[in-house]
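One structure below.
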Amino acid sequence: MQLSTATRHRVPSTIHVPTYDRTGHAPGVVHLGLGAFHRAHQAMVFDQLLAGGDMRWGIHGVGMTRPDLVNQLRAQDGLYAVRIASAQGVQWRVPGALWRMDVATTARDAVVQAIAAPSTRWVTITVTEKGYTPTLARLLLDGLRLRQQGGLPGLTIASCDNLQSNGHQLQALVSAAATANDADVVHWVQAHCAFPCSMVDRIVPAATPEVTAAAHAALGLQDTCALSTEAFWEWVIEDRFADPADAALLQSAGVRVTGDVHSYEEAKLRMLNGSHSAMALMGAVTARACIADCIGTPHIGTFVERLMSREVAPHLARHDWADYRDALITRFGNPYLKHSVHQIATDSSQKIPQRWPPSVLGQMAQGASFEHHALAAAVFLRYTLGVDEQGEAYALNDPQAESLMAIGVAQRTEPEACVRALLARQDLWGNALPGHAAWTARVTHWHQQILQHGVDAAIQQLLEQNA
């Protein structure tokens, strides 16, 4: 028997399930990018608001390209279980905020109409860095045009992903995609819509058969959409809303509303995401499957702690960075998450430019060491070989995979040339690092050590030299 509206009464009473009316109200939120992260993060915040009696937060979820997930969720009436696991224990919840589902590529008009619906107040977006495209902007513009023509209020359009200054970038993308025929709607958007920046933080691994089996055991029902996540979550959003009263509502659900998202944003990008990328690449090359396997290896754990403390933290505005660092190390070691290194290494060419260069440049400006980042960059080059140190091949799931592997293929015979070729790329390192002699020298050094002695030995050598 499958989890659904009809069977939710069979879920054990110890597990939270939605008891509010999920069919008598129209959704108030359109979410673009219906993946695991949204369902374990914003959807659970909105579920809390719905459970409190505010029925304006139901979600019309839009998968951008994945009909399989949408079909699975439809079969379960938008219900799914979330395992929240930490060292303190495990609990399950079934959030009920997801009311309708569509796929943008096959039901575009339905998505446009949803954005234009009178009940819609918010659009939330989780499309990752590579999803900010003219296609996304056009989808928004078409829906917003219908709102303007219908005399409806403006929307809060909130980006909920790792892109820095995401709200500003989304608003600029929408304006840039506009044609001469869109002048009226662009003016209306500027006057009536809000594009707050936000920082979102919760580790949500891709679903696995183990999670599916655990959900079945906990619920007594089949759930093909079950997820696992951690107890920690953080949503910091700019105090910029189409309806200013939403600020207090979100705060009541545990969201941090502030005028300074940037300090939280940069701390997450450089500490959590930057460390994640480094560990994911190390794990992929050394055949460690999960982040917990990496952080649980003493020399990698020490490397990550020093990376954050010595090379990242000096350039952050987040004052509680030490507490945040300690929380991250604990979170990385959560044995329930089983966060695949290859999942995190996906799209590294899109992620590294935001995560590493700002800290390297900050260290350079202070005349301080950037050895940890240089070693991480060397591991990234080694990763492009597409085979781990045990001889097992893996795929580079990256939009730049072809060009990266073209650089990496010759690193055993011409390692220094490969380092120079990788470090010359401004799409990865920005304008300042390519051609920087000291940066090139240190990445070259660590790349040589990795090729000759392996990643683990190189890390241990760095720690001994920089105790």
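Every chain in the structure tokens takes a letter, A first, then B, and so on in the order presented; its residues are numbered from 1, and the ligands are numbered from 1 following the presented order.
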Residue neighbourhood Ala104 of chain A, 12 Å, only C-alpha atoms, exclusion window fewer than 3 positions, as a PyMOL selection string: chain A and resi 30-34+60-67+70+101+107-114+135-136+138-140
Residues of segment 21-256 of chain A in strand (DSSP E), written as an MDAnalysis selection string: chainID A and resid 29:32 59:63 82:86 89:93 98:103 122:125 156:159 198:201 227:230 234:238 256
Which neighbours of Arg318 of chain A fall inside 7 Å, counting only C-alpha atoms, when residues of the same chain fewer than 2 positions from it are skipped, and could you give them as a VMD selection string? chain A and resid 263 to 264 267 316 320 to 321
Quick one, how far is atom CA of Ala280 of chain A from atom CA of Arg425 of chain A?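 Distance between the two atoms: 21.2 Å.
If you measure from each of A:Tyr132, A:Cys225, A:Trp233, A:Glu416 to Asn71 of chain A using only C-alpha atoms, the closest one turns out to be A:Cys225.
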Just want the 8 Å neighbourhood of segment 117-121 of chain A, counted on only C-alpha atoms, with same-chain residues fewer than 3 positions away dropped. Output as a ChimeraX atom specification. /A:26-30,56,113-114,147,152,154-156
Those in segment 77-199 of chain A with helix (DSSP H, G or I) from DSSP, as number ranges by chain: A: 108-115, 129-131, 134-149, 166-177, 180-192
Identify, on the basis of only C-alpha atoms, every residue whose closest approach to Pro134 of chain A does not exceed 12 Å; exclude the query and any residue fewer than 3 positions from it along the same chain; express the result as a compact mmCIF listing (two decimals) with all heavy atoms, in the first residue's frame.
# COMPACT_ATOMS: atom_id res chain seq x y z
N LYS A 130 23.50 26.67 -12.69
CA LYS A 130 23.42 26.55 -14.15
C LYS A 130 22.00 26.73 -14.67
O LYS A 130 21.78 26.74 -15.89
CB LYS A 130 23.97 25.20 -14.60
CG LYS A 130 23.17 23.99 -14.12
CD LYS A 130 23.80 22.69 -14.58
CE LYS A 130 23.02 21.48 -14.09
NZ LYS A 130 23.63 20.22 -14.51
N GLY A 131 21.01 26.89 -13.77
CA GLY A 131 19.63 27.02 -14.20
C GLY A 131 19.16 28.43 -14.47
O GLY A 131 18.02 28.64 -14.88
N ALA A 137 13.89 33.00 -17.32
CA ALA A 137 13.44 34.39 -17.30
C ALA A 137 12.17 34.57 -18.13
O ALA A 137 11.24 35.28 -17.74
CB ALA A 137 14.54 35.30 -17.80
N ARG A 138 12.14 33.91 -19.30
CA ARG A 138 10.98 34.05 -20.18
C ARG A 138 9.73 33.45 -19.53
O ARG A 138 8.62 33.99 -19.64
CB ARG A 138 11.27 33.35 -21.50
CG ARG A 138 10.29 33.59 -22.62
CD ARG A 138 10.43 34.99 -23.16
NE ARG A 138 9.29 35.82 -22.79
CZ ARG A 138 9.25 37.14 -22.94
NH1 ARG A 138 10.30 37.79 -23.44
NH2 ARG A 138 8.20 37.83 -22.58
N LEU A 139 9.91 32.33 -18.83
CA LEU A 139 8.80 31.70 -18.12
C LEU A 139 8.21 32.66 -17.09
O LEU A 139 6.98 32.83 -16.99
CB LEU A 139 9.29 30.42 -17.45
CG LEU A 139 8.25 29.55 -16.74
CD1 LEU A 139 7.30 28.91 -17.76
CD2 LEU A 139 8.94 28.46 -15.92
N LEU A 140 9.09 33.29 -16.33
CA LEU A 140 8.63 34.26 -15.33
C LEU A 140 7.95 35.46 -15.98
O LEU A 140 6.88 35.89 -15.54
CB LEU A 140 9.82 34.71 -14.47
CG LEU A 140 10.39 33.67 -13.51
CD1 LEU A 140 11.71 34.15 -12.93
CD2 LEU A 140 9.41 33.37 -12.39
N LEU A 141 8.58 35.99 -17.02
CA LEU A 141 8.01 37.16 -17.70
C LEU A 141 6.62 36.88 -18.23
O LEU A 141 5.72 37.73 -18.12
CB LEU A 141 8.94 37.61 -18.83
CG LEU A 141 10.12 38.50 -18.45
CD1 LEU A 141 11.09 38.62 -19.62
CD2 LEU A 141 9.63 39.87 -18.00
N LEU A 170 18.73 37.17 -10.30
CA LEU A 170 17.50 36.76 -10.96
C LEU A 170 16.75 37.96 -11.54
O LEU A 170 16.27 37.91 -12.67
CB LEU A 170 16.59 36.01 -9.98
CG LEU A 170 15.27 35.52 -10.55
CD1 LEU A 170 15.50 34.52 -11.69
CD2 LEU A 170 14.40 34.90 -9.47
N GLN A 171 16.69 39.04 -10.78
CA GLN A 171 16.01 40.23 -11.28
C GLN A 171 16.72 40.77 -12.52
O GLN A 171 16.07 41.17 -13.50
CB GLN A 171 15.95 41.31 -10.19
CG GLN A 171 15.13 42.53 -10.59
CD GLN A 171 14.85 43.45 -9.43
OE1 GLN A 171 15.41 43.30 -8.34
NE2 GLN A 171 13.96 44.41 -9.63
N ALA A 172 18.05 40.76 -12.51
CA ALA A 172 18.81 41.22 -13.68
C ALA A 172 18.58 40.30 -14.87
O ALA A 172 18.48 40.77 -16.01
CB ALA A 172 20.30 41.29 -13.33
N LEU A 173 18.49 38.99 -14.60
CA LEU A 173 18.24 38.03 -15.68
C LEU A 173 16.89 38.28 -16.33
O LEU A 173 16.77 38.25 -17.57
CB LEU A 173 18.30 36.61 -15.12
CG LEU A 173 18.09 35.47 -16.12
CD1 LEU A 173 19.32 35.29 -16.99
CD2 LEU A 173 17.77 34.17 -15.38
N VAL A 174 15.88 38.53 -15.52
CA VAL A 174 14.54 38.80 -16.05
C VAL A 174 14.56 40.06 -16.90
O VAL A 174 13.99 40.09 -18.01
CB VAL A 174 13.52 38.90 -14.90
CG1 VAL A 174 12.18 39.43 -15.40
CG2 VAL A 174 13.33 37.54 -14.23
N SER A 175 15.21 41.11 -16.43
CA SER A 175 15.28 42.35 -17.19
C SER A 175 16.05 42.15 -18.49
O SER A 175 15.66 42.68 -19.55
CB SER A 175 15.95 43.45 -16.36
OG SER A 175 15.16 43.74 -15.22
N ALA A 176 17.14 41.38 -18.44
CA ALA A 176 17.97 41.17 -19.63
C ALA A 176 17.24 40.35 -20.69
O ALA A 176 17.50 40.50 -21.90
CB ALA A 176 19.27 40.48 -19.25
N ALA A 177 16.34 39.48 -20.27
CA ALA A 177 15.61 38.63 -21.22
C ALA A 177 14.45 39.36 -21.88
O ALA A 177 13.87 38.86 -22.84
CB ALA A 177 15.10 37.38 -20.51
N ALA A 178 14.10 40.52 -21.35
CA ALA A 178 12.96 41.25 -21.88
C ALA A 178 13.25 41.82 -23.26
O ALA A 178 14.37 42.24 -23.56
CB ALA A 178 12.58 42.38 -20.92
N THR A 179 12.23 41.84 -24.09
CA THR A 179 12.33 42.44 -25.42
C THR A 179 11.64 43.80 -25.39
O THR A 179 11.09 44.23 -24.36
CB THR A 179 11.65 41.55 -26.46
OG1 THR A 179 10.23 41.52 -26.18
CG2 THR A 179 12.20 40.13 -26.40
Contacts of Ala226 of chain A within 8 Å, only C-alpha atoms, excl. fewer than 6 positions in-chain, as an mmCIF file with C-alpha atoms, in the first residue's frame:
data_model
loop_
_atom_site.group_PDB
_atom_site.id
_atom_site.type_symbol
_atom_site.label_atom_id
_atom_site.label_comp_id
_atom_site.auth_asym_id
_atom_site.auth_seq_id
_atom_site.Cartn_x
_atom_site.Cartn_y
_atom_site.Cartn_z
ATOM 1 C CA TYR A 80 6.377 12.065 1.030
ATOM 2 C CA ALA A 81 8.302 11.203 4.173
ATOM 3 C CA VAL A 82 11.405 12.984 5.414
ATOM 4 C CA ARG A 83 13.827 11.308 7.820
ATOM 5 C CA ALA A 207 17.478 9.498 -2.176
ATOM 6 C CA VAL A 211 16.037 5.546 2.695
ATOM 7 C CA THR A 212 13.120 4.059 0.772
ATOM 8 C CA ALA A 215 10.547 4.904 5.164
#
Segment 98-100 of chain A surroundings by only C-alpha atoms, 8 Å radius, close-in-sequence under 6 positions cut, as an MDAnalysis selection string: chainID A and resid 22:23 27 43 58:61 74 77:79
Written selection (C-alpha atoms) as a PDB file, in the first residue's frame:
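To be explicit, this is the file written out as selection.pdb:
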ATOM      1  CA  ARG A  22      -5.063  20.254   1.309  1.00  0.00           C
ATOM      2  CA  THR A  23      -7.802  20.442  -1.345  1.00  0.00           C
ATOM      3  CA  PRO A  27      -1.740  27.171  -3.848  1.00  0.00           C
ATOM      4  CA  ALA A  43       8.377  22.975   1.725  1.00  0.00           C
ATOM      5  CA  GLY A  58       0.391  25.573  -0.363  1.00  0.00           C
ATOM      6  CA  ILE A  59       2.811  24.839  -3.207  1.00  0.00           C
ATOM      7  CA  HIS A  60       2.359  24.296  -6.924  1.00  0.00           C
ATOM      8  CA  GLY A  61       5.625  22.442  -7.525  1.00  0.00           C
ATOM      9  CA  ARG A  74       1.337  12.834  -8.139  1.00  0.00           C
ATOM     10  CA  ASP A  77      -0.891  13.223  -3.806  1.00  0.00           C
ATOM     11  CA  GLY A  78       2.235  15.258  -3.120  1.00  0.00           C
ATOM     12  CA  LEU A  79       2.946  13.455   0.157  1.00  0.00           C
TER      13      LEU A  79
END
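Relative to atom CA of Ala437 of chain A, atom CA of Ala421 of chain A is found at 13.5 Å.
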Residue among A:Ser403, A:Ser309, A:Gln363, A:Thr302 lying closest to Ser349 of chain A, counting only C-alpha atoms: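 With only C-alpha atoms as the atom set, the closest residue is A:Ser403.
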Determine, for each residue of segment 240-319 of chain A having at least one atom at most 12 Å from an atom of segment 180-202 of chain A, the closest pair of atoms and their separation in Å to one decimal, counting only C-alpha atoms; order by chain and ascending number, as a Markdown table.
| residue | atom | partner | partner_atom | distance |
| --- | --- | --- | --- | --- |
| A:Arg240 | CA | A:Pro196 | CA | 5.3 |
| A:Phe241 | CA | A:Ala194 | CA | 5.3 |
| A:Ala242 | CA | A:Ala194 | CA | 5.3 |
| A:Asp243 | CA | A:Ala194 | CA | 8.9 |
| A:Pro244 | CA | A:Ala194 | CA | 10.1 |
| A:Asp246 | CA | A:Ala194 | CA | 11.9 |
| A:Ala247 | CA | A:Pro196 | CA | 11.4 |
| A:Val255 | CA | A:Val200 | CA | 9.8 |
| A:Arg256 | CA | A:Ser198 | CA | 9.7 |
| A:Val257 | CA | A:Ser198 | CA | 9.1 |
| A:Thr258 | CA | A:Ser198 | CA | 9.5 |
| A:Gly259 | CA | A:Cys197 | CA | 9.6 |
| A:Asp260 | CA | A:Cys197 | CA | 9.4 |
| A:Val261 | CA | A:Ser198 | CA | 6.3 |
| A:His262 | CA | A:Met199 | CA | 8.2 |
| A:Ser263 | CA | A:Met199 | CA | 9.6 |
| A:Tyr264 | CA | A:Met199 | CA | 6.8 |
| A:Glu265 | CA | A:Met199 | CA | 5.3 |
| A:Glu266 | CA | A:Met199 | CA | 8.9 |
| A:Ala267 | CA | A:Met199 | CA | 9.8 |
| A:Lys268 | CA | A:Asp201 | CA | 7.6 |
| A:Leu269 | CA | A:Met199 | CA | 9.2 |
| A:Met271 | CA | A:Asp201 | CA | 11.7 |
| A:Leu272 | CA | A:Asp201 | CA | 8.9 |
| A:Asn273 | CA | A:Asp201 | CA | 9.8 |
Could you tell me which of A:Val204, A:Ala393, A:Leu433, A:Val236 comes closest to His339 of chain A if we count only C-alpha atoms? A:Val204
With only C-alpha atoms as the atoms that count, which of A:Thr346, A:Gly296, A:Phe303, A:Leu337 lies nearest to Asn466 of chain A?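 Closest candidate: A:Phe303.
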Could you tell me how far atom CA of Arg420 of chain A lies from atom CA of Asp347 of chain A, in Å and to one decimal?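 Separating atom CA of Arg420 of chain A from atom CA of Asp347 of chain A is a distance of 21.1 Å.
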